[in-house]
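Just below is one structure, and these are the notes that go with it.
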Amino acid sequence: MGNFVDLKSADGFVVPAYVAQPAGKPRGGIVVLQEIFGVNSHIRAVADGYAAQGYLAVAPATFHRIKTGVDIGYTPDDMTAGSALKAAVEALPAPGVMPDIQAAIDHAAQAGKVGVVGYCWGGLLTWRSACLLDGLSAAAPYYGGGVTTPAEVSRKPRVPVLAHFGDKDHWIPLESVEVFRKEHPEVEVHVYQANHGFNCDQRGSYDAAAANLAREKTLAFFARYVG
């Protein structure tokens with residue numbers, strides 16, 4: 001359904017993004033932010049899913065400043081490789097990859113209002129986008145690793161946020177989710193009986209019930225704020 005296009009960031013860096021077009025006139029744009037596994041078949045399928053719902057979906061390759069063409073799976077070796085790439089990107093001087101996400105938002109804006117959704121590391125980037133970037137109308141981070149740390153909790157979102165967490169996620173302690181919820185009463189927080197990565201049907205932690213419910217809530221949220 002989609003294809004890769006090149007986007008230009010504010011500093012002139014060219015970042016590829018997978019773009020999925022809806023069948024008819026777009027109801028808005030959705031930026032889809034990858035996990036630590038690149039813009040792989042799962043993330044492309046997520047983008048295709050939002051396109052099927054009528055949105056122009058844009059999934060930028062947020063590893064591109066460190067390594068090009070990252071498209072890996074979910075084996076232990078893939079996890080190690082993805083974690084190293086994430087650490088390298090996080091170590092970039094500020095603003096890091098945020099201009100690349102801004103370029104994706106700007107591209108998606110041709111469809112109208114723009115929302116952002118992200119998973120795992122992409123969930124963290126989604127939260128930061130909601131707090132730092134321009135042109136967004138809504139943000140929906142899924143189990144964003146690091147979102148509940150003090151440095152991230154101290155940020156203030158500029159748009160409505162719907163945050164999804166799993167109560168069995170050993171990467172994001174439930175106590176820290178409750179701190180986040182208390183500090184951000186303006187954020188709609190949902191906790192599911194599920195593990196980290198529950199939305200991804202290529203992972204052992206996939207939970208269909210949680211994934212379907214979270215998707216239903218996210219689509220309703222975007223319908224409200226994006227179109």
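If you're wondering about the labels, chains in the structure tokens are A, B, ... by order shown, residues count from 1 in each chain, ligands from 1 in order shown.
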Selection: 8 Å around A:His164, only C-alpha atoms, excl. self and same-chain fewer than 2 positions, as a PyMOL selection string
chain A and resi 140-143+162+166+189-192+214
What lies within 9 Å of A:Ile72 using only C-alpha atoms, ignoring chain neighbours under 4 positions off, as an MDAnalysis selection string?
chainID A and resid 36:41 78:79 81:82
I'd like the neighbourhood of A:Lys67 as a count of residues only, where a residue qualifies if any of its atoms comes within 10 Å (using only C-alpha atoms), though same-chain residues fewer than 3 positions away should be ignored.
9
Just the number, please: distance in Å from atom CA of A:Ala45 to atom CA of A:Gly2, one decimal.
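Taking atom CA of A:Ala45 as the start and atom CA of A:Gly2 as the end point, the length is 9.4 Å.
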My list of candidates is A:Tyr18, A:Leu124, A:Gly96, A:Lys113. Which is closest to A:Ser137 when distances are computed with only C-alpha atoms?
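Between A:Tyr18, A:Leu124, A:Gly96, A:Lys113, the residue approaching A:Ser137 most closely is A:Lys113.
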Find the distance between atom CA of A:Leu92 and atom CA of A:Ala108 and write it in Å to one decimal.
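Computed distance, atom CA of A:Leu92 to atom CA of A:Ala108, equals 25.1 Å.
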DSSP on the backbone, strand (DSSP E or B) only: what residues of stretch 30-223 of chain A does that give? Format it as a PDB file with C-alpha atoms, in the first residue's frame.
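Just written: result-v2.pdb:
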```pdb
ATOM      1  CA  ILE A  30      -0.679  10.118  11.331  1.00  0.00           C
ATOM      2  CA  VAL A  31       3.063   9.898  11.979  1.00  0.00           C
ATOM      3  CA  VAL A  32       4.033   6.358  13.040  1.00  0.00           C
ATOM      4  CA  LEU A  33       7.230   6.092  15.099  1.00  0.00           C
ATOM      5  CA  GLY A  38      13.540  -0.064  12.306  1.00  0.00           C
ATOM      6  CA  TYR A  55      -5.220   8.696   7.238  1.00  0.00           C
ATOM      7  CA  LEU A  56      -2.058   9.640   5.367  1.00  0.00           C
ATOM      8  CA  ALA A  57       0.475   7.623   7.398  1.00  0.00           C
ATOM      9  CA  VAL A  58       4.158   8.581   7.547  1.00  0.00           C
ATOM     10  CA  ALA A  59       6.765   6.394   9.291  1.00  0.00           C
ATOM     11  CA  PRO A  60      10.209   8.066   9.341  1.00  0.00           C
ATOM     12  CA  ASP A  71      14.778  -3.534   9.093  1.00  0.00           C
ATOM     13  CA  VAL A 114      -1.674  15.469  12.348  1.00  0.00           C
ATOM     14  CA  GLY A 115      -1.443  12.920  15.140  1.00  0.00           C
ATOM     15  CA  VAL A 116       1.564  10.860  16.182  1.00  0.00           C
ATOM     16  CA  VAL A 117       1.652   7.292  17.470  1.00  0.00           C
ATOM     17  CA  GLY A 118       4.710   5.314  18.501  1.00  0.00           C
ATOM     18  CA  TYR A 119       5.685   2.013  20.056  1.00  0.00           C
ATOM     19  CA  ALA A 138      -2.710  14.632  19.306  1.00  0.00           C
ATOM     20  CA  ALA A 139      -0.211  11.991  20.460  1.00  0.00           C
ATOM     21  CA  ALA A 140      -0.610   8.336  21.443  1.00  0.00           C
ATOM     22  CA  PRO A 141       2.506   6.679  22.905  1.00  0.00           C
ATOM     23  CA  TYR A 142       2.424   2.919  23.427  1.00  0.00           C
ATOM     24  CA  VAL A 161      -2.071  12.646  24.875  1.00  0.00           C
ATOM     25  CA  LEU A 162      -3.425   9.095  25.157  1.00  0.00           C
ATOM     26  CA  ALA A 163      -0.847   6.789  26.772  1.00  0.00           C
ATOM     27  CA  HIS A 164      -0.941   2.971  26.758  1.00  0.00           C
ATOM     28  CA  PHE A 165       0.957   0.761  29.207  1.00  0.00           C
ATOM     29  CA  GLY A 166       1.014  -2.920  30.177  1.00  0.00           C
ATOM     30  CA  GLU A 188      -5.487   9.868  29.337  1.00  0.00           C
ATOM     31  CA  VAL A 189      -3.627   6.827  30.696  1.00  0.00           C
ATOM     32  CA  HIS A 190      -4.728   3.255  30.048  1.00  0.00           C
ATOM     33  CA  VAL A 191      -3.111   0.180  31.587  1.00  0.00           C
ATOM     34  CA  TYR A 192      -3.760  -3.259  30.078  1.00  0.00           C
TER      35      TYR A 192
END
```
When you count only C-alpha atoms, which of these residues is closest to A:Pro16: A:Pro99, A:Gly28, A:Gly54, A:Gly69?
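Of A:Pro99, A:Gly28, A:Gly54, A:Gly69, the one nearest A:Pro16 is A:Gly69, counting only C-alpha atoms.
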From a backbone DSSP assignment, name each residue in chain A labelled alpha helix (DSSP H), as an MDAnalysis selection string.
chainID A and resid 41:52 76:90 98:108 121:132 150:153 174:183 208:225
Interatomic distance (Å, one decimal) between atom CA of A:Val159 and atom CA of A:Pro185
13.3 Å
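Taking only C-alpha atoms into account, A:His107 lies nearest to A:Asp6 out of the set A:Glu216, A:Asp6, A:Glu175, A:Glu90.
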Stretch 27-135 of chain A residues near stretch 149-156 of chain A within 10 Å, closest pair each, using only C-alpha atoms, as a Markdown table:
```
| residue | atom | partner | partner_atom | distance |
| --- | --- | --- | --- | --- |
| A:Leu124 | CA | A:Glu152 | CA | 8.6 |
| A:Trp127 | CA | A:Glu152 | CA | 8.3 |
| A:Arg128 | CA | A:Glu152 | CA | 7.8 |
| A:Ala130 | CA | A:Lys156 | CA | 8.2 |
| A:Cys131 | CA | A:Lys156 | CA | 5.5 |
| A:Leu132 | CA | A:Lys156 | CA | 8.6 |
```
Just-selected residues, N, CA and C atoms written as a PDB file, in the first residue's frame:
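What landed in result.pdb:
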```pdb
ATOM      1  N   LEU A 124       8.431   6.680  23.389  1.00  0.00           N
ATOM      2  CA  LEU A 124       9.188   7.749  24.028  1.00  0.00           C
ATOM      3  C   LEU A 124       9.302   8.959  23.099  1.00  0.00           C
ATOM      4  N   TRP A 127       6.048  10.875  22.954  1.00  0.00           N
ATOM      5  CA  TRP A 127       5.874  11.756  24.110  1.00  0.00           C
ATOM      6  C   TRP A 127       6.700  13.028  23.937  1.00  0.00           C
ATOM      7  N   ARG A 128       7.949  12.886  23.540  1.00  0.00           N
ATOM      8  CA  ARG A 128       8.791  14.058  23.329  1.00  0.00           C
ATOM      9  C   ARG A 128       8.214  14.945  22.225  1.00  0.00           C
ATOM     10  N   ALA A 130       5.107  15.310  21.448  1.00  0.00           N
ATOM     11  CA  ALA A 130       3.944  16.014  22.003  1.00  0.00           C
ATOM     12  C   ALA A 130       4.361  17.224  22.820  1.00  0.00           C
ATOM     13  N   CYS A 131       5.557  17.159  23.395  1.00  0.00           N
ATOM     14  CA  CYS A 131       6.036  18.221  24.269  1.00  0.00           C
ATOM     15  C   CYS A 131       6.883  19.264  23.545  1.00  0.00           C
ATOM     16  N   LEU A 132       7.511  18.882  22.429  1.00  0.00           N
ATOM     17  CA  LEU A 132       8.532  19.734  21.826  1.00  0.00           C
ATOM     18  C   LEU A 132       8.255  20.200  20.404  1.00  0.00           C
TER      19      LEU A 132
END
```
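Nearest residue to A:His42 among A:Pro157, A:Gly29, A:Gly204, A:Gly73 is A:Gly73, counting only C-alpha atoms.
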Taking only C-alpha atoms into account, name the residue in A:Ala210, A:Leu136, A:Ala51, A:Ala10 that is nearest to A:Pro95.
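Result for the nearest residue to A:Pro95: A:Ala10.
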